[in-house]
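A.B. asks: Dropping in target-v9.cif, with mmCIF, C-alpha atoms.
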```cif
data_query
#
loop_
_atom_site.group_PDB
_atom_site.id
_atom_site.type_symbol
_atom_site.label_atom_id
_atom_site.label_comp_id
_atom_site.auth_asym_id
_atom_site.auth_seq_id
_atom_site.Cartn_x
_atom_site.Cartn_y
_atom_site.Cartn_z
ATOM 1 C CA MET A 117 0.214 -130.801 237.625
ATOM 2 C CA LEU A 118 3.938 -131.459 238.027
ATOM 3 C CA CYS A 119 6.336 -128.561 237.711
ATOM 4 C CA PRO A 120 8.827 -129.425 234.945
ATOM 5 C CA ASN A 121 11.515 -127.518 236.852
ATOM 6 C CA CYS A 122 11.281 -128.832 240.438
ATOM 7 C CA ASP A 123 8.741 -131.702 240.229
ATOM 8 C CA THR A 124 6.445 -130.083 242.825
ATOM 9 C CA ASP A 125 2.869 -131.368 242.454
ATOM 10 C CA ASN A 126 0.807 -128.178 242.026
ATOM 11 C CA ILE A 127 -2.965 -127.717 242.090
ATOM 12 C CA PRO A 128 -4.303 -128.131 238.532
ATOM 13 C CA GLY A 129 -4.784 -124.815 236.781
ATOM 14 C CA VAL A 130 -2.281 -122.687 238.719
ATOM 15 C CA ASP A 131 -0.295 -120.195 236.689
ATOM 16 C CA VAL A 132 3.035 -120.480 238.505
ATOM 17 C CA CYS A 133 4.693 -123.246 240.519
ATOM 18 C CA GLU A 134 4.107 -122.625 244.213
ATOM 19 C CA ALA A 135 7.607 -123.894 245.055
ATOM 20 C CA CYS A 136 9.893 -122.372 242.433
ATOM 21 C CA GLY A 137 7.728 -119.837 240.584
ATOM 22 C CA THR A 138 8.121 -121.473 237.177
ATOM 23 C CA GLU A 139 5.434 -120.353 234.702
ATOM 24 C CA LEU A 140 2.865 -123.162 234.415
ATOM 25 C CA ALA A 141 0.023 -121.296 232.661
ATOM 26 C CA GLY A 142 -1.308 -123.176 229.684
ATOM 27 C CA MET A 143 0.388 -126.448 230.631
ATOM 28 C CA ASP A 144 -2.901 -128.108 231.545
ATOM 29 C CA LEU A 145 -4.613 -127.119 228.324
ATOM 30 C CA PRO A 146 -5.701 -130.192 226.402
ATOM 31 C CA GLU A 147 -2.994 -131.739 224.295
ATOM 32 C CA ALA A 148 -3.459 -131.532 220.600
ATOM 33 C CA ARG A 149 -4.661 -134.835 219.232
ATOM 34 C CA SER A 150 -4.258 -136.368 215.873
ATOM 35 C CA GLY A 151 -6.740 -135.893 213.044
ATOM 36 C CA PHE A 152 -9.082 -132.990 212.744
ATOM 37 C CA ARG A 153 -9.482 -132.716 216.498
ATOM 38 C CA GLY A 154 -5.830 -131.814 216.676
ATOM 39 C CA LYS A 155 -6.281 -129.165 214.013
ATOM 40 C CA LEU A 156 -8.954 -127.496 216.135
ATOM 41 C CA LEU A 157 -6.232 -126.718 218.674
ATOM 42 C CA THR A 158 -3.181 -126.309 216.489
ATOM 43 C CA ALA A 159 -4.410 -124.434 213.398
ATOM 44 C CA ARG A 160 -4.327 -120.635 213.417
ATOM 45 C CA MET A 161 -7.477 -118.770 212.541
ATOM 46 C CA GLY A 162 -5.384 -116.421 210.464
ATOM 47 C CA ASP A 163 -4.724 -119.348 208.128
ATOM 48 C CA LEU A 164 -8.419 -120.088 207.643
ATOM 49 C CA PRO A 165 -10.406 -118.449 204.852
ATOM 50 C CA VAL A 166 -11.688 -115.731 207.208
ATOM 51 C CA SER A 167 -14.144 -113.081 206.045
ATOM 52 C CA GLU A 168 -12.888 -109.712 204.842
ATOM 53 C CA PRO A 169 -14.017 -107.017 207.268
ATOM 54 C CA VAL A 170 -16.493 -104.411 206.066
ATOM 55 C CA LEU A 171 -15.772 -101.284 208.079
ATOM 56 C CA VAL A 172 -18.029 -98.348 208.880
ATOM 57 C CA SER A 173 -17.511 -95.291 211.034
ATOM 58 C CA PRO A 174 -19.489 -94.796 214.271
ATOM 59 C CA ASP A 175 -20.990 -91.641 212.724
ATOM 60 C CA ASP A 176 -22.282 -93.429 209.641
ATOM 61 C CA THR A 177 -26.040 -93.819 209.688
ATOM 62 C CA VAL A 178 -27.815 -97.116 210.220
ATOM 63 C CA ARG A 179 -29.012 -96.849 206.624
ATOM 64 C CA GLU A 180 -25.428 -96.586 205.378
ATOM 65 C CA ALA A 181 -24.400 -99.591 207.483
ATOM 66 C CA ILE A 182 -27.262 -101.685 206.088
ATOM 67 C CA GLU A 183 -26.406 -100.591 202.550
ATOM 68 C CA ARG A 184 -22.766 -101.627 203.094
ATOM 69 C CA MET A 185 -23.899 -105.057 204.324
ATOM 70 C CA ARG A 186 -26.121 -105.450 201.271
ATOM 71 C CA GLU A 187 -23.393 -104.421 198.841
ATOM 72 C CA ALA A 188 -20.854 -106.782 200.379
ATOM 73 C CA GLN A 189 -23.413 -109.545 200.976
ATOM 74 C CA VAL A 190 -22.307 -109.969 204.580
ATOM 75 C CA GLY A 191 -24.160 -110.315 207.854
ATOM 76 C CA CYS A 192 -22.147 -107.834 209.880
ATOM 77 C CA VAL A 193 -20.088 -104.682 209.708
ATOM 78 C CA LEU A 194 -17.292 -103.760 212.067
ATOM 79 C CA VAL A 195 -17.401 -100.230 213.420
ATOM 80 C CA ALA A 196 -13.988 -98.626 213.617
ATOM 81 C CA THR A 197 -12.407 -95.290 214.466
ATOM 82 C CA ASP A 198 -8.956 -94.669 212.969
ATOM 83 C CA GLY A 199 -8.690 -98.390 212.223
ATOM 84 C CA LYS A 200 -9.457 -99.387 215.833
ATOM 85 C CA LEU A 201 -12.413 -101.661 216.472
ATOM 86 C CA VAL A 202 -15.097 -99.933 218.554
ATOM 87 C CA GLY A 203 -18.230 -101.931 217.740
ATOM 88 C CA LEU A 204 -20.045 -104.530 215.714
ATOM 89 C CA PHE A 205 -23.424 -104.283 214.001
ATOM 90 C CA ASN A 206 -25.080 -107.349 212.528
ATOM 91 C CA GLU A 207 -28.294 -108.507 210.901
ATOM 92 C CA ARG A 208 -29.783 -109.557 214.247
ATOM 93 C CA HIS A 209 -29.329 -105.987 215.451
ATOM 94 C CA VAL A 210 -31.153 -104.778 212.319
ATOM 95 C CA LEU A 211 -34.218 -106.678 213.515
ATOM 96 C CA THR A 212 -34.041 -106.278 217.283
ATOM 97 C CA ARG A 213 -32.494 -102.833 217.700
ATOM 98 C CA VAL A 214 -33.687 -101.019 214.583
ATOM 99 C CA LEU A 215 -36.902 -102.392 213.085
ATOM 100 C CA ARG A 216 -38.505 -103.506 216.348
ATOM 101 C CA LYS A 217 -37.632 -100.221 218.061
ATOM 102 C CA GLY A 218 -38.812 -98.023 215.195
ATOM 103 C CA ILE A 219 -35.401 -96.333 214.866
ATOM 104 C CA ASP A 220 -35.051 -93.807 212.026
ATOM 105 C CA VAL A 221 -32.377 -95.395 209.852
ATOM 106 C CA ALA A 222 -31.636 -92.172 207.963
ATOM 107 C CA SER A 223 -30.721 -90.075 211.006
ATOM 108 C CA THR A 224 -29.505 -92.536 213.659
ATOM 109 C CA PRO A 225 -25.749 -93.149 213.803
ATOM 110 C CA VAL A 226 -24.734 -96.793 213.884
ATOM 111 C CA SER A 227 -22.903 -96.144 217.163
ATOM 112 C CA GLU A 228 -26.298 -95.968 218.901
ATOM 113 C CA VAL A 229 -27.349 -99.477 217.896
ATOM 114 C CA MET A 230 -24.046 -101.371 217.600
ATOM 115 C CA SER A 231 -22.618 -103.711 220.212
ATOM 116 C CA PRO A 232 -19.756 -101.677 221.674
ATOM 117 C CA LYS A 233 -16.400 -103.324 222.478
ATOM 118 C CA PRO A 234 -17.211 -106.663 220.850
ATOM 119 C CA PHE A 235 -15.432 -109.827 221.949
ATOM 120 C CA GLU A 236 -12.423 -110.270 219.701
ATOM 121 C CA LEU A 237 -9.876 -112.973 218.990
ATOM 122 C CA SER A 238 -6.385 -112.981 217.547
ATOM 123 C CA PRO A 239 -5.517 -114.543 214.180
ATOM 124 C CA GLU A 240 -2.966 -116.571 216.207
ATOM 125 C CA ASP A 241 -5.763 -118.211 218.231
ATOM 126 C CA PRO A 242 -6.903 -121.718 217.265
ATOM 127 C CA PRO A 243 -10.359 -122.441 215.778
ATOM 128 C CA ALA A 244 -11.266 -124.168 219.067
ATOM 129 C CA PHE A 245 -11.423 -120.706 220.658
ATOM 130 C CA ALA A 246 -13.876 -119.451 218.048
ATOM 131 C CA ILE A 247 -16.122 -122.489 218.437
ATOM 132 C CA HIS A 248 -15.968 -122.097 222.200
ATOM 133 C CA SER A 249 -17.044 -118.456 221.969
ATOM 134 C CA MET A 250 -19.834 -119.250 219.527
ATOM 135 C CA VAL A 251 -21.403 -122.086 221.528
ATOM 136 C CA ALA A 252 -20.690 -120.803 225.037
ATOM 137 C CA TYR A 253 -21.592 -117.140 224.488
ATOM 138 C CA GLY A 254 -23.703 -117.251 221.361
ATOM 139 C CA PHE A 255 -21.441 -114.935 219.345
ATOM 140 C CA ARG A 256 -22.078 -115.145 215.606
ATOM 141 C CA HIS A 257 -19.235 -112.979 214.396
ATOM 142 C CA LEU A 258 -15.830 -112.720 216.038
ATOM 143 C CA PRO A 259 -13.534 -109.923 214.886
ATOM 144 C CA LEU A 260 -9.893 -110.949 214.479
ATOM 145 C CA VAL A 261 -7.549 -108.253 215.730
ATOM 146 C CA SER A 262 -3.771 -108.375 215.613
ATOM 147 C CA GLN A 263 -1.790 -105.702 217.485
ATOM 148 C CA GLY A 264 -4.763 -103.362 217.392
ATOM 149 C CA LYS A 265 -5.343 -103.858 213.662
ATOM 150 C CA ILE A 266 -8.546 -105.415 212.348
ATOM 151 C CA VAL A 267 -7.624 -108.270 210.024
ATOM 152 C CA GLY A 268 -11.024 -109.890 209.464
ATOM 153 C CA TYR A 269 -13.749 -111.707 211.276
ATOM 154 C CA ILE A 270 -14.802 -115.272 211.678
ATOM 155 C CA SER A 271 -18.377 -116.497 211.496
ATOM 156 C CA VAL A 272 -20.186 -119.806 211.874
ATOM 157 C CA ARG A 273 -19.981 -120.049 208.102
ATOM 158 C CA ASN A 274 -16.147 -119.886 208.200
ATOM 159 C CA ILE A 275 -16.034 -122.649 210.806
ATOM 160 C CA LEU A 276 -18.350 -124.811 208.704
ATOM 161 C CA ALA A 277 -16.052 -124.233 205.730
ATOM 162 C CA PHE A 278 -13.088 -125.293 207.906
ATOM 163 C CA LEU A 279 -14.972 -128.448 208.907
ATOM 164 C CA HIS A 280 -15.983 -129.111 205.339
ATOM 165 C CA ASP A 281 -12.505 -128.700 203.893
ATOM 166 C CA GLY A 282 -10.745 -130.474 206.757
ATOM 167 C CA VAL A 283 -13.072 -133.402 207.287
ATOM 168 C CA ILE A 284 -15.705 -133.927 204.653
ATOM 169 C CA ALA A 285 -13.734 -133.058 201.540
ATOM 170 C CA ASP A 286 -10.830 -135.183 202.868
ATOM 171 C CA THR A 287 -12.938 -138.242 203.625
ATOM 172 C CA ALA A 288 -15.447 -138.139 200.764
ATOM 173 C CA PRO A 289 -15.200 -141.212 198.583
ATOM 174 C CA ALA A 290 -13.732 -140.581 195.158
ATOM 175 C CA SER A 291 -16.483 -140.446 192.571
ATOM 176 C CA MET B 253 -15.894 -140.773 221.614
ATOM 177 C CA GLY B 254 -13.954 -141.237 218.386
ATOM 178 C CA SER B 255 -12.778 -138.671 215.895
ATOM 179 C CA VAL B 256 -14.579 -135.634 214.495
ATOM 180 C CA GLU B 257 -14.500 -137.451 211.164
ATOM 181 C CA LYS B 258 -16.464 -140.412 212.568
ATOM 182 C CA LEU B 259 -18.838 -138.178 214.491
ATOM 183 C CA LEU B 260 -19.858 -136.227 211.382
ATOM 184 C CA ALA B 261 -20.249 -139.431 209.374
ATOM 185 C CA LYS B 262 -22.299 -141.195 212.030
ATOM 186 C CA VAL B 263 -24.577 -138.702 213.770
ATOM 187 C CA ARG B 264 -27.889 -138.038 212.055
ATOM 188 C CA ILE B 265 -29.877 -134.829 211.949
ATOM 189 C CA ARG B 266 -32.478 -136.428 214.199
ATOM 190 C CA ASP B 267 -29.838 -136.637 216.948
ATOM 191 C CA LEU B 268 -29.483 -132.859 217.059
ATOM 192 C CA PRO B 269 -31.551 -131.073 219.681
ATOM 193 C CA ARG B 270 -34.575 -129.619 217.863
ATOM 194 C CA ARG B 271 -34.325 -125.854 217.820
ATOM 195 C CA ARG B 272 -37.423 -123.779 218.316
ATOM 196 C CA VAL B 273 -38.694 -122.572 215.005
ATOM 197 C CA CYS B 274 -41.731 -120.473 214.181
ATOM 198 C CA THR B 275 -44.110 -121.578 211.488
ATOM 199 C CA VAL B 276 -46.475 -119.068 209.919
ATOM 200 C CA SER B 277 -48.986 -119.023 207.068
ATOM 201 C CA ARG B 278 -48.600 -117.100 203.826
ATOM 202 C CA SER B 279 -51.021 -114.431 205.045
ATOM 203 C CA THR B 280 -49.029 -113.532 208.180
ATOM 204 C CA SER B 281 -47.866 -109.915 207.968
ATOM 205 C CA LEU B 282 -44.208 -108.947 207.891
ATOM 206 C CA GLY B 283 -44.681 -106.916 211.078
ATOM 207 C CA GLU B 284 -45.984 -110.012 212.855
ATOM 208 C CA VAL B 285 -43.008 -112.007 211.551
ATOM 209 C CA TYR B 286 -40.642 -109.360 212.980
ATOM 210 C CA ARG B 287 -42.375 -109.715 216.344
ATOM 211 C CA LEU B 288 -42.143 -113.512 216.294
ATOM 212 C CA LEU B 289 -38.471 -113.566 215.310
ATOM 213 C CA ASP B 290 -37.608 -111.069 218.026
ATOM 214 C CA GLU B 291 -39.664 -112.495 220.886
ATOM 215 C CA GLU B 292 -38.998 -116.164 220.086
ATOM 216 C CA HIS B 293 -35.252 -115.525 219.548
ATOM 217 C CA SER B 294 -35.565 -117.205 216.184
ATOM 218 C CA VAL B 295 -33.482 -116.631 213.062
ATOM 219 C CA ALA B 296 -36.140 -117.599 210.508
ATOM 220 C CA VAL B 297 -39.800 -118.430 210.077
ATOM 221 C CA LEU B 298 -40.969 -121.367 208.034
ATOM 222 C CA VAL B 299 -43.981 -120.598 205.850
ATOM 223 C CA CYS B 300 -46.432 -123.492 205.627
ATOM 224 C CA ASP B 301 -49.702 -124.335 203.893
ATOM 225 C CA ASP B 302 -51.254 -126.537 206.560
ATOM 226 C CA ASN B 303 -48.214 -128.672 207.415
ATOM 227 C CA ASP B 304 -46.546 -128.417 204.005
ATOM 228 C CA LEU B 305 -43.435 -126.256 203.938
ATOM 229 C CA VAL B 306 -43.667 -123.740 201.073
ATOM 230 C CA GLY B 307 -41.081 -121.081 201.936
ATOM 231 C CA ILE B 308 -38.672 -119.579 204.413
ATOM 232 C CA PHE B 309 -38.000 -116.020 205.558
ATOM 233 C CA THR B 310 -34.769 -115.347 207.409
ATOM 234 C CA GLU B 311 -32.887 -112.492 209.037
ATOM 235 C CA ARG B 312 -30.856 -112.252 205.838
ATOM 236 C CA ASP B 313 -34.040 -111.674 203.852
ATOM 237 C CA ILE B 314 -34.876 -108.838 206.240
ATOM 238 C CA LEU B 315 -31.444 -107.308 205.752
ATOM 239 C CA ASN B 316 -31.535 -107.623 201.975
ATOM 240 C CA ARG B 317 -35.153 -106.997 201.126
ATOM 241 C CA THR B 318 -37.247 -105.315 203.801
ATOM 242 C CA ALA B 319 -35.092 -103.415 206.336
ATOM 243 C CA LEU B 320 -35.048 -100.203 204.297
ATOM 244 C CA GLU B 321 -38.247 -100.719 202.327
ATOM 245 C CA GLY B 322 -40.943 -100.993 204.997
ATOM 246 C CA HIS B 323 -43.651 -103.436 203.852
ATOM 247 C CA SER B 324 -44.751 -104.181 207.404
ATOM 248 C CA ASP B 325 -48.336 -104.958 206.302
ATOM 249 C CA THR B 326 -47.262 -107.129 203.379
ATOM 250 C CA PRO B 327 -48.131 -110.831 203.705
ATOM 251 C CA ILE B 328 -45.034 -112.942 204.173
ATOM 252 C CA GLY B 329 -46.151 -115.161 201.293
ATOM 253 C CA ASP B 330 -45.193 -112.282 198.953
ATOM 254 C CA LEU B 331 -41.732 -111.856 200.501
ATOM 255 C CA MET B 332 -40.572 -115.356 201.447
ATOM 256 C CA SER B 333 -37.843 -117.260 199.659
ATOM 257 C CA PRO B 334 -38.581 -120.583 198.010
ATOM 258 C CA ILE B 335 -37.052 -123.692 199.563
ATOM 259 C CA LYS B 336 -33.798 -124.363 197.674
ATOM 260 C CA GLY B 337 -32.124 -127.070 199.715
ATOM 261 C CA SER B 338 -33.562 -129.226 202.433
ATOM 262 C CA LEU B 339 -32.517 -132.082 204.668
ATOM 263 C CA SER B 340 -34.271 -135.036 206.206
ATOM 264 C CA THR B 341 -33.809 -136.277 209.746
ATOM 265 C CA ASP B 342 -32.070 -139.371 208.279
ATOM 266 C CA ASP B 343 -29.272 -137.262 206.763
ATOM 267 C CA ARG B 344 -25.887 -137.206 208.470
ATOM 268 C CA LEU B 345 -24.189 -134.130 209.929
ATOM 269 C CA ALA B 346 -21.628 -134.395 207.124
ATOM 270 C CA ASP B 347 -24.475 -134.039 204.604
ATOM 271 C CA ALA B 348 -25.762 -130.956 206.407
ATOM 272 C CA ILE B 349 -22.319 -129.321 206.463
ATOM 273 C CA ALA B 350 -21.753 -130.113 202.793
ATOM 274 C CA LEU B 351 -25.132 -128.646 201.822
ATOM 275 C CA MET B 352 -24.598 -125.505 203.897
ATOM 276 C CA HIS B 353 -21.066 -124.998 202.648
ATOM 277 C CA GLU B 354 -21.773 -125.639 198.984
ATOM 278 C CA GLY B 355 -25.101 -123.793 198.905
ATOM 279 C CA GLY B 356 -23.947 -120.910 201.106
ATOM 280 C CA TYR B 357 -26.857 -121.544 203.489
ATOM 281 C CA ARG B 358 -26.613 -120.907 207.211
ATOM 282 C CA HIS B 359 -29.895 -122.624 207.995
ATOM 283 C CA VAL B 360 -31.493 -125.480 206.152
ATOM 284 C CA PRO B 361 -35.136 -126.451 206.578
ATOM 285 C CA LEU B 362 -36.369 -129.919 207.427
ATOM 286 C CA PRO B 363 -39.674 -130.291 205.580
ATOM 287 C CA GLY B 364 -40.896 -132.959 207.993
ATOM 288 C CA SER B 365 -42.728 -136.102 207.047
ATOM 289 C CA LYS B 366 -45.082 -138.681 208.539
ATOM 290 C CA GLY B 367 -46.709 -136.175 210.822
ATOM 291 C CA GLU B 368 -43.415 -134.555 211.905
ATOM 292 C CA LYS B 369 -43.481 -130.795 212.136
ATOM 293 C CA PRO B 370 -41.145 -128.903 209.809
ATOM 294 C CA GLY B 371 -37.877 -127.899 211.447
ATOM 295 C CA LEU B 372 -34.679 -126.014 210.860
ATOM 296 C CA VAL B 373 -30.993 -126.913 211.203
ATOM 297 C CA GLY B 374 -28.414 -124.179 211.710
ATOM 298 C CA GLY B 375 -24.638 -124.234 211.607
ATOM 299 C CA ARG B 376 -24.525 -123.364 215.283
ATOM 300 C CA ASP B 377 -26.570 -126.499 216.137
ATOM 301 C CA ILE B 378 -23.825 -128.571 214.533
ATOM 302 C CA LEU B 379 -21.040 -126.706 216.361
ATOM 303 C CA LEU B 380 -22.895 -127.193 219.647
ATOM 304 C CA LEU B 381 -23.132 -130.938 219.127
ATOM 305 C CA ILE B 382 -19.443 -131.172 218.244
ATOM 306 C CA ALA B 383 -18.541 -129.110 221.326
ATOM 307 C CA GLU B 384 -20.626 -131.373 223.560
ATOM 308 C CA HIS B 385 -18.748 -134.404 222.239
ATOM 309 C CA TYR B 386 -15.327 -132.851 222.841
ATOM 310 C CA PRO B 387 -15.762 -130.696 225.940
ATOM 311 C CA GLU B 388 -12.088 -130.885 226.901
ATOM 312 C CA THR B 389 -11.131 -129.542 223.477
ATOM 313 C CA LEU B 390 -13.855 -126.979 222.938
ATOM 314 C CA LEU B 391 -15.667 -126.081 226.137
ATOM 315 C CA ASN B 392 -13.230 -126.308 229.036
ATOM 316 C CA LEU B 393 -11.054 -123.538 227.689
ATOM 317 C CA PRO B 394 -10.311 -120.084 229.029
ATOM 318 C CA PRO B 395 -11.738 -117.520 226.612
ATOM 319 C CA ARG B 396 -8.151 -116.397 225.962
ATOM 320 C CA LEU B 397 -4.942 -118.374 226.166
ATOM 321 C CA ASP B 398 -3.272 -115.404 227.798
ATOM 322 C CA GLN B 399 -5.926 -115.099 230.510
ATOM 323 C CA ARG B 400 -4.383 -114.925 233.995
ATOM 324 C CA MET B 401 -6.105 -115.162 237.370
ATOM 325 C CA THR B 402 -4.835 -112.666 239.928
ATOM 326 C CA THR B 403 -5.578 -114.908 242.927
ATOM 327 C CA PRO B 404 -5.210 -118.691 243.283
ATOM 328 C CA GLU B 405 -8.997 -119.124 243.344
ATOM 329 C CA GLY B 406 -9.542 -116.699 240.485
ATOM 330 C CA GLY B 407 -11.937 -114.729 242.722
#
```
Once more with this new file: its structure as structure tokens, please.
C.D. replies:
Amino acid sequence: MLCPNCDTDNIPGVDVCEACGTELAGMDLPEARSGFRGKLLTARMGDLPVSEPVLVSPDDTVREAIERMREAQVGCVLVATDGKLVGLFNERHVLTRVLRKGIDVASTPVSEVMSPKPFELSPEDPPAFAIHSMVAYGFRHLPLVSQGKIVGYISVRNILAFLHDGVIADTAPAS
Amino acid sequence: MGSVEKLLAKVRIRDLPRRRVCTVSRSTSLGEVYRLLDEEHSVAVLVCDDNDLVGIFTERDILNRTALEGHSDTPIGDLMSPIKGSLSTDDRLADAIALMHEGGYRHVPLPGSKGEKPGLVGGRDILLLIAEHYPETLLNLPPRLDQRMTTPEGG
């Protein structure tokens, strides 16, 4: 990886040039390509049709969280205190952490069964980051947080919609 | 390697790795279905009469219809959803994405034919295949662009 400032050949992946200290972080990230593959790296998730967050408080009961998911027809709620994300509770947790454990939904606060400090992304991040997190770590829902404020979340469904609108709808033969 | 556009138009459902899916009969109890979904790390059970697919019961059905109601002894045949959309192994990934997007489905059953067992295709299976085709775009990334290592080796 050549330093653009002094032409020193640095080890790939270093953050600063070993000779002149120029910032090199991010320079060896893959270059955006043309077509949809380029969009995966250059689009912003904030520009995608992301899902509106459904927020609950950590003190809300599991029953209330499930009722909120039903009303909004969503698969997860974000748990927040004073607008700050503190956890995530989804339909998988309903099965594995509530029903299978025999938890009393009417008296247990959602904070006891949520995933605390969920992995989050920024609306400035590209969709490639969301896909990476979904396939590498198995995350289903990724909260989008900008300067501490919850702006939405992205799910596999949102990525499929992005693929559909960006690839399939664009290339479908006119009928 | 080609473009994402060509990949989705060319790859068939049969080229996806088959995900593990549980098949049960109509008489299987809801409690047993909960156990299967949990222990087999599965998102849905397919309900079959012999090898014929007759219904599906997913995590979303649990959330919407049974999580607060109990029913753990109820046979799954009374709670399952009918099959609304399905795919065949000859369909292309583009067909699967279109069906999921337009129908609002996250998982679509494969009824199976000619002795094949019924299967299930999920959106994540499609993302995984795309990621495997473009590892330098989708897999070899730091989790965050702003991630910094504090030592040259990152250790």
A.B. asks: Under the rule that only C-alpha atoms are counted, which of B:Leu315, B:Ala296, B:Val263, B:Val273 is the nearest residue to Cys192 of chain A?
C.D. replies: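 When distances to Cys192 of chain A are compared using only C-alpha atoms, the smallest one comes from B:Leu315.
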A.B. asks: To verify the selection step, state as a PyMOL selection string which residues the PyMOL selection byres ((chain A and resi 176-190) around 6) yields on this input.
C.D. replies: (chain A and resi 173-175+191-192+221-222+224-226) or (chain B and resi 316)
A.B. asks: Excluding same-chain residues fewer than 2 positions from Phe205 of chain A, what lies within 7 Å of it counting all atoms listed in the file, as a list of chain:residue names?
C.D. replies: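 Returned residues: A:Cys192, A:Val193, A:Leu194, A:Gly203, A:His209, A:Met230, A:Ser231.
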A.B. asks: Report the residues retrieved by the PyMOL selection byres ((chain B and resi 381) around 10) from the displayed file, expressed as a compact mmCIF listing (two decimals) with C-alpha atoms, in the frame of the given file.
C.D. replies:
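Dumped everything to out_21.txt:
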```
# COMPACT_ATOMS: atom_id res chain seq x y z
CA VAL A 251 -21.40 -122.09 221.53
CA LEU B 259 -18.84 -138.18 214.49
CA LEU B 260 -19.86 -136.23 211.38
CA VAL B 263 -24.58 -138.70 213.77
CA ASP B 267 -29.84 -136.64 216.95
CA LEU B 268 -29.48 -132.86 217.06
CA PRO B 269 -31.55 -131.07 219.68
CA LEU B 345 -24.19 -134.13 209.93
CA ARG B 376 -24.52 -123.36 215.28
CA ASP B 377 -26.57 -126.50 216.14
CA ILE B 378 -23.82 -128.57 214.53
CA LEU B 379 -21.04 -126.71 216.36
CA LEU B 380 -22.90 -127.19 219.65
CA ILE B 382 -19.44 -131.17 218.24
CA ALA B 383 -18.54 -129.11 221.33
CA GLU B 384 -20.63 -131.37 223.56
CA HIS B 385 -18.75 -134.40 222.24
CA TYR B 386 -15.33 -132.85 222.84
```
A.B. asks: I need the residue nearest chain B from this list: A:Ala141, A:Val195, A:Val261, A:Cys119. Use only C-alpha atoms for the distance.
C.D. replies: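 Closest to chain B of all the choices is A:Ala141.
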